[in-house]
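Before any comments, here is the structure.
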Amino acid sequence: MPKKLAEDLNIRIEAEIARRPDGIGIDDLHAVLAGIASRRTLQRRLALLVEQQRICAEGEGRALKYRAGSGDVTVVLQGVSATASAGQLAAEVYVPTSPESEEIKTYVRRPIQQRKPVGYDRSFLEAYRPNETAYLPSQICEHLHNIGRSPDGERAAGTYERDILGRLLIDLSWASSRLEGNTYTRLDTQNLIELGQAAAGKDRREAQMILNHKAAIELLAEQAEDIGFNTFTFFNLHALLSENLLADPTESGRLRHRIVEVSGTVFHPLGVPQQIDSYFRMILDKTGAIDDPFEQAFFIMVHVPYLQPFVDVNKRVSRLGANIPLIRRNLCPLSFIDVPEQAYVEGTLGVSEMGQTDLLRDVFVWAYERSCQRYMAIRDTAAEPDPMRLRHRETLIAVVSEVVRTLQAPDAAAVRAVATKLVPREDMEPIIELALADLHNLHEGNVSRYRLRLSEYRAWQSVQRAGGTPALP
């Protein structure tokens, strides 16, 4: 059976190389990492890291050594106690930062006793003037537009996201949950979303968190024309993301009416319910008035966690909320894939404790560049969408779901009976063919695509088996 590779293999390779200022050869590197990667795998990964300029190669043949490079991600060794062994060294992966961001890092890394307690600064939000104030310089916005623009030109809102929805569901659900300390791997997440298989030995709350992300992302992609910076959208985002995770379920989808404390910080959120409501609505109003979608996205990432309008799940709401303007403008989504947790946490601390956005901005820009690289590559290798399926997407969902819910056989007669009132005559035959293909390819991993409950699918499948119809996958 092939060896299962560590998901952070590249990071561990870079960390080991960073420990050796004089360089390290592949023999010594393999001796350290033999338990997680073969020599051939190491050779491939090293070649890739050199190509990406994340490490440097010097010398030839047996004298070839690898040294730390100057790529997009910085690998820094964290402090280690005197009793720790070399194998216990931990690597901190960080994004490129400006001098201003370095000052923020230095401050928020002080012991909590050395940082000054602060409360919510109302003037930080009140002073912001949409389209006059800017957290993102114009050259950054221009850069993000250039890399995030859909190669297909102007298309309906959400088209980009629907094209890559399967991958986005997994990536964003996994990456956003990981920033909350969730220990599911990306493969665990894929198995949970596509097959309904929870990872063995994991807390059930972790599976719930990921499934909540899936539901919230589907809301954003499926209702791209209707979502916006309004209380309806954000209350429903919170309700989906917090389902079955709050001690008091009645607080799901509602602004908080009690004081909360945030661990690991000297910041004390606003505590007056009327003021929370007022400033939350001000955040939404100001975001909606901003013209640039990237400034909108970043503004939400700054102000929702700072206000803490909900009892919990605020950062998750802000990360998905940041995708709203991107989806509405048909730009590449922001998946937060590969974002270092420490960089993200320290960026939000810079906002809440110092009122400074520089470090969070650096994280945001790097994260978006990373997302664009990933999804452009995915689109380049993806098949061209079927125009008939694209045009009648909602009709196909309605036909398939109706056949399943009414426990009908997956045959042309049943499909035709349902589709007659939904499909123009000239499109009837191709739609019947597509719907039949969807019915025969229906399985537990894709029922959500047709807005079906798992119980509905299983009941239908049971009827087909009992009636002599071949079992569907």
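Residues are named by chain letter and number: chains run A, B, ... in the order of the structure tokens, numbers start at 1 in each chain, and ligands are numbered from 1 in the order shown.
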
Which residues of segment 258-358 of chain A sit at most 8 Å from segment 239-245 of chain A, using only C-alpha atoms? Give each one's shortest atom pair and distance in Å (one decimal place), in chain and ascending residue order, as CSV.
```
residue,atom,partner,partner_atom,distance
A:Asp312,CA,A:Ser242,CA,7.9
A:Val313,CA,A:Ser242,CA,6.5
A:Arg316,CA,A:Leu241,CA,7.4
A:Val317,CA,A:Leu241,CA,7.3
```

Just write the chosen residues, N, CA and C atoms, as a JSON list (two decimals), in the first residue's frame.
```json
[["chain", "number", "residue", "atom", "x", "y", "z"],
["A", 312, "ASP", "N", -20.73, 34.13, 18.84],
["A", 312, "ASP", "CA", -19.61, 33.32, 18.37],
["A", 312, "ASP", "C", -19.70, 33.25, 16.85],
["A", 313, "VAL", "N", -18.69, 32.68, 16.22],
["A", 313, "VAL", "CA", -18.67, 32.41, 14.76],
["A", 313, "VAL", "C", -18.52, 33.69, 13.95],
["A", 316, "ARG", "N", -15.85, 33.43, 11.06],
["A", 316, "ARG", "CA", -16.36, 32.59, 9.97],
["A", 316, "ARG", "C", -17.36, 33.38, 9.11],
["A", 317, "VAL", "N", -18.22, 34.14, 9.74],
["A", 317, "VAL", "CA", -19.17, 34.97, 9.00],
["A", 317, "VAL", "C", -18.42, 35.99, 8.15]]
```

### Task
Using DSSP on the backbone coordinates, identify the residues of segment 131-282 of chain A assigned to alpha helix (DSSP H); present them as an MDAnalysis selection string.
chainID A and resid 138:148 159:163 165:178 186:195 204:222 231:242 273:282

#### Entry: Selection near Thr106 of chain A, 12 Å with only C-alpha atoms, sequence-local residues under 2 positions removed, as a count of residues only
18

### Query
Which distance in Å separates atom CA of Arg45 of chain A and atom CA of Ile13 of chain A, to one decimal?
8.5 Å

### Query
Can you tell me how far atom CA of Ala200 of chain A sits from atom CA of Leu442 of chain A, in Å to one decimal?
25.6 Å

#### Entry: Long-range neighbours of segment 278-281 of chain A as a PyMOL selection string, 9 Å cut-off, only C-alpha atoms, 5 positions minimum in chain
chain A and resi 122+125-126+230-231+255+273+286+303-304+307+309

Emit the selected residues as a JSON list (two decimals), in the first residue's frame, including N, CA and C atoms.
```json
[["chain", "number", "residue", "atom", "x", "y", "z"],
["A", 122, "ARG", "N", -15.34, 53.25, 18.61],
["A", 122, "ARG", "CA", -16.41, 53.58, 17.68],
["A", 122, "ARG", "C", -15.93, 54.45, 16.53],
["A", 125, "LEU", "N", -14.83, 52.90, 12.99],
["A", 125, "LEU", "CA", -15.86, 52.67, 11.97],
["A", 125, "LEU", "C", -16.48, 53.98, 11.51],
["A", 126, "GLU", "N", -16.79, 54.85, 12.44],
["A", 126, "GLU", "CA", -17.48, 56.10, 12.09],
["A", 126, "GLU", "C", -16.65, 56.97, 11.15],
["A", 230, "ASN", "N", -26.82, 43.03, 3.72],
["A", 230, "ASN", "CA", -28.05, 43.32, 4.44],
["A", 230, "ASN", "C", -28.19, 42.33, 5.59],
["A", 231, "THR", "N", -29.06, 42.64, 6.52],
["A", 231, "THR", "CA", -29.20, 41.79, 7.70],
["A", 231, "THR", "C", -29.71, 40.41, 7.34],
["A", 255, "LEU", "N", -28.28, 38.86, 16.53],
["A", 255, "LEU", "CA", -27.23, 39.64, 17.18],
["A", 255, "LEU", "C", -27.22, 39.33, 18.67],
["A", 273, "PRO", "N", -26.40, 46.04, 23.75],
["A", 273, "PRO", "CA", -27.10, 45.46, 22.59],
["A", 273, "PRO", "C", -27.56, 46.49, 21.57],
["A", 286, "LYS", "N", -22.18, 50.81, 5.15],
["A", 286, "LYS", "CA", -20.95, 51.36, 4.58],
["A", 286, "LYS", "C", -20.33, 50.38, 3.59],
["A", 303, "HIS", "N", -14.15, 44.60, 10.00],
["A", 303, "HIS", "CA", -15.10, 45.14, 10.97],
["A", 303, "HIS", "C", -16.02, 44.14, 11.64],
["A", 304, "VAL", "N", -16.36, 43.04, 10.98],
["A", 304, "VAL", "CA", -17.25, 42.07, 11.65],
["A", 304, "VAL", "C", -16.55, 41.42, 12.85],
["A", 307, "LEU", "N", -16.26, 44.12, 15.73],
["A", 307, "LEU", "CA", -17.47, 44.41, 16.48],
["A", 307, "LEU", "C", -17.95, 43.20, 17.29],
["A", 309, "PRO", "N", -20.49, 41.03, 16.52],
["A", 309, "PRO", "CA", -21.94, 41.22, 16.65],
["A", 309, "PRO", "C", -22.69, 39.97, 17.10]]
```

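A straight line drawn from atom CA of Gly445 of chain A to atom CA of Asp171 of chain A is 16.3 Å long.
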
### Task
Please provide the set of residues having any atom within 7 Å of segment 204-208 of chain A, restricted to only C-alpha atoms, with same-chain residues fewer than 3 positions apart removed, written as an MDAnalysis selection string.
chainID A and resid 182 198 211:212 245

Output C-alpha atoms for every residue in that selection, as a PDB file, in the first residue's frame.
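As written to disk, again31.pdb reads:
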```pdb
ATOM      1  CA  ASN A 182     -10.416  22.220  13.206  1.00  0.00           C
ATOM      2  CA  ALA A 198     -17.055  11.553   9.210  1.00  0.00           C
ATOM      3  CA  LEU A 211     -20.984  20.773   7.063  1.00  0.00           C
ATOM      4  CA  ASN A 212     -22.154  24.197   8.231  1.00  0.00           C
ATOM      5  CA  LEU A 245     -22.609  24.669  17.651  1.00  0.00           C
TER       6      LEU A 245
END
```

### Query
For Ala419 of chain A, which residue among A:Thr395, A:Gln190, A:Ser401, A:Ser177 is the nearest when counting only C-alpha atoms?
A:Thr395

#### Entry: Residue contacts of Cys372 of chain A (8 Å, only C-alpha atoms) excluding same-chain residues fewer than 4 positions away, as a PyMOL selection string
chain A and resi 147-148+332-334+368+376

Neighbouring residues of Lys214 of chain A were defined as those with any atom within 8 Å, considering only C-alpha atoms; residues of the same chain fewer than 5 positions away were excluded. Please report them as a PDB file with C-alpha atoms, in the first residue's frame.
```pdb
ATOM      1  CA  LEU A 169     -17.016  23.658  -1.175  1.00  0.00           C
ATOM      2  CA  ILE A 170     -14.137  21.481  -0.029  1.00  0.00           C
ATOM      3  CA  SER A 173     -14.978  24.563   4.201  1.00  0.00           C
ATOM      4  CA  ILE A 193     -18.787  16.519   1.984  1.00  0.00           C
TER       5      ILE A 193
END
```
